[in-house]
Amino acid sequence: DPLRGGGLQRGTPRGERKQAAAEAFLLVVGNALLDIDGCPDPPNNNKKIFVADLGCGAGNLSLPLAWWLQQQGFGGVLCVDINGRALDRLDQRAKKIGIPIRLLQEDLLSLLSHDNATETEHPLADCAAVVSLHACGAASDLSMAAAITHNLPFAISPCCIGKVNTARMPGQMPGQMPALTSIARSSAPEEISYPRSQWLRNVVSVEEYRLLASAADYGFGSETQEEDALILARRQRCRVAKTIVETDRLQWAQEQGYEVRMLEMPRIGPLYPKRELLLGAPQGTLAASRIAQLPTA
């Protein structure tokens, strides 16, 4: 239960949304990303049996996912974040409820490189898939790029789109909290350029993309508040902008040889702006076939 010890309150809209998001990820991981039927019992040490949660924060997704994976005979979750304080909190929560996890404090950019490790020594060597729930700004793009670099299926729900407009300063990363601000952690390194795909670059300039990203980063106000026509029209424009930004991300993955799909997480609410779930897997794999067969609702 992601609400246990995560600073979220049961019965609140935010708590219910986070719980629904975690459940959606578990369904996708089990029904599409992993070969559950092929997992040996007990697990074979040579089999890739971990899922990497990139930008994991305090573990609102990592903990329920780790518990579920271990019930299926898999090893669990590799929890990766640059924020050491969040990882400390995650470690405390995991020990309190008795769920073993792996922790790695690391800049997600480093996961794109093979320079400092052989394939078997790389942090993602034991991972069969990548997930990322609401990693801000360019962190979602780094998570997707890490998955594709290592030929892994992914499920990513992006957040704070407008932060991709902030470029990472030279020497700013790697680093550790509390020295790094939220903006610094979500800023875009030079290895991540926008628009992501050639598809969108053919029709949108960099400056036009920046406007799209800013428009896509919108809130939704009160769910009970009456709204006039102007507010509704603005939200619709922002919604279109976000759809373009997320489609651009998936088009980039497709250009790298991935089958892709975008779904909306159920029970999140029609006004919530962070409800897209971006899915991808290498073409021709079982995961790609299963992603195509997932229901739309």
# chains A, B, ... in the order shown; residues from 1 in each chain; ligands from 1
>>> select_by_dssp(residues="region 58-254 of chain A", states="helix (DSSP H, G or I)", output="compact mmCIF listing (two decimals) with C-alpha atoms, in the first residue's frame")
# COMPACT_ATOMS: atom_id res chain seq x y z
CA SER A 62 8.85 0.79 -5.29
CA LEU A 63 7.44 -0.79 -2.14
CA PRO A 64 4.16 -2.25 -3.43
CA LEU A 65 5.94 -3.31 -6.62
CA ALA A 66 8.74 -5.02 -4.65
CA TRP A 67 6.24 -6.88 -2.49
CA TRP A 68 4.27 -8.04 -5.54
CA LEU A 69 7.34 -9.11 -7.50
CA GLN A 70 8.63 -11.19 -4.62
CA GLN A 71 5.25 -12.93 -4.40
CA GLY A 84 19.74 10.61 -0.73
CA ARG A 85 17.18 11.84 1.77
CA ALA A 86 14.37 10.23 -0.19
CA LEU A 87 16.31 6.96 -0.35
CA ASP A 88 16.89 7.08 3.42
CA ARG A 89 13.15 7.45 3.91
CA LEU A 90 12.52 4.60 1.50
CA ASP A 91 15.00 2.40 3.34
CA GLN A 92 13.26 3.11 6.65
CA ARG A 93 9.84 2.31 5.19
CA ALA A 94 11.09 -0.92 3.61
CA LYS A 95 12.70 -2.15 6.84
CA LYS A 96 9.60 -1.28 8.86
CA ILE A 97 7.37 -3.49 6.73
CA LEU A 108 20.08 8.78 -14.00
CA LEU A 109 22.36 10.06 -16.74
CA SER A 110 25.05 7.63 -15.60
CA LEU A 111 22.75 4.70 -16.45
CA LEU A 112 23.03 5.60 -20.14
CA ALA A 138 13.99 15.39 -18.03
CA ALA A 139 14.20 12.59 -15.44
CA SER A 140 11.37 10.84 -17.31
CA ASP A 141 13.34 11.12 -20.56
CA LEU A 142 16.48 9.83 -18.87
CA SER A 143 14.48 6.87 -17.55
CA MET A 144 13.20 6.05 -21.02
CA ALA A 145 16.66 6.48 -22.53
CA ALA A 146 18.16 4.17 -19.88
CA ALA A 147 15.61 1.48 -20.72
CA ILE A 148 16.28 1.76 -24.45
CA THR A 149 20.06 1.82 -23.99
CA ILE A 161 6.77 18.79 -18.24
CA GLY A 162 7.81 22.44 -18.15
CA LYS A 163 11.02 21.61 -16.30
CA VAL A 164 12.49 20.13 -19.51
CA ASN A 165 13.00 23.76 -20.59
CA SER A 182 14.24 20.14 -7.53
CA ILE A 183 14.88 22.16 -10.69
CA ALA A 184 18.48 20.91 -10.85
CA ARG A 185 17.41 17.28 -10.48
CA SER A 186 14.86 17.57 -13.29
CA GLN A 198 12.58 13.47 -35.65
CA TRP A 199 8.83 13.27 -36.25
CA LEU A 200 8.22 16.42 -34.20
CA ARG A 201 11.45 18.16 -35.20
CA VAL A 206 13.03 24.34 -30.48
CA GLU A 207 11.36 27.59 -29.40
CA GLU A 208 7.94 26.30 -30.40
CA TYR A 209 8.60 23.12 -28.43
CA ARG A 210 9.46 25.18 -25.36
CA LEU A 211 6.05 26.85 -25.63
CA LEU A 212 4.39 23.45 -25.95
CA ALA A 213 6.23 22.13 -22.88
CA SER A 214 5.24 25.17 -20.83
CA ALA A 215 1.59 24.80 -21.85
CA ALA A 216 1.69 21.07 -21.08
CA ALA A 229 -15.73 28.58 -20.44
CA LEU A 230 -12.37 30.37 -20.56
CA ILE A 231 -10.81 28.07 -17.96
CA LEU A 232 -12.19 24.99 -19.68
CA ALA A 233 -10.88 26.18 -23.05
CA ARG A 234 -7.42 26.83 -21.58
CA ARG A 235 -7.32 23.38 -20.01
CA GLN A 236 -8.23 21.83 -23.34
CA ARG A 237 -5.36 23.65 -25.04
CA CYS A 238 -2.97 22.51 -22.30
CA ARG A 239 -4.26 18.97 -22.65
CA VAL A 240 -3.52 19.00 -26.38
CA ALA A 241 -0.01 20.34 -25.70
CA LYS A 242 0.69 17.57 -23.19
CA THR A 243 -0.55 14.91 -25.59
CA ILE A 244 1.87 16.23 -28.23
CA VAL A 245 4.79 16.20 -25.78
CA GLU A 246 4.07 12.64 -24.63
CA THR A 247 3.54 11.46 -28.22
CA ASP A 248 6.91 13.00 -29.12
CA ARG A 249 8.55 10.91 -26.39
CA LEU A 250 6.99 7.73 -27.70
CA GLN A 251 7.84 8.59 -31.30
CA TRP A 252 11.49 8.89 -30.24
CA ALA A 253 11.32 5.42 -28.68
CA GLN A 254 9.71 4.09 -31.86
>>> residues_around(residues="Ile82 (chain A)", least_positions_apart="4", cutoff="6 Å", atoms="only C-alpha atoms", output="list of chain:residue names")
A:Gln105, A:Glu106, A:Asp107
>>> atom_distance(atom1="CA of Val131 (chain A)", atom2="CA of Ala155 (chain A)")
4.8 Å
>>> closest_residue(among="A:Ala22, A:Leu279, A:Val28, A:Cys160", to="His134 (chain A)", atoms="only C-alpha atoms")
A:Cys160
>>> residues_around(residues="Ala20 (chain A)", least_positions_apart="5", cutoff="9 Å", atoms="only C-alpha atoms", output="list in words")
Gly15, Phe25, Met265, Pro266, Arg267 and Ile268 of chain A
>>> atom_distance(atom1="CA of Cys56 (chain A)", atom2="CA of Leu133 (chain A)")
7.3 Å
>>> closest_residue(among="A:Thr12, A:Gln283, A:Asn83, A:Ser132", to="Ala52 (chain A)", atoms="only C-alpha atoms")
A:Ser132
>>> closest_residue(among="A:Leu61, A:Ala129, A:Leu104, A:Met262", to="Leu152 (chain A)", atoms="only C-alpha atoms")
A:Ala129
>>> atom_distance(atom1="CA of Ala128 (chain A)", atom2="CA of Gln293 (chain A)")
19.6 Å
>>> closest_residue(among="A:Val77, A:Ala125, A:Ala21, A:Met169", to="Arg102 (chain A)", atoms="only C-alpha atoms")
A:Val77
>>> select_by_dssp(residues="region 86-297 of chain A", states="strand (DSSP E or B)", output="ChimeraX atom specification")
/A:102-105,127-136,154-159,167,188,258-264,276-282
>>> closest_residue(among="A:Ala167, A:Ala32, A:Ala281, A:Leu124", to="Leu54 (chain A)", atoms="only C-alpha atoms")
A:Leu124
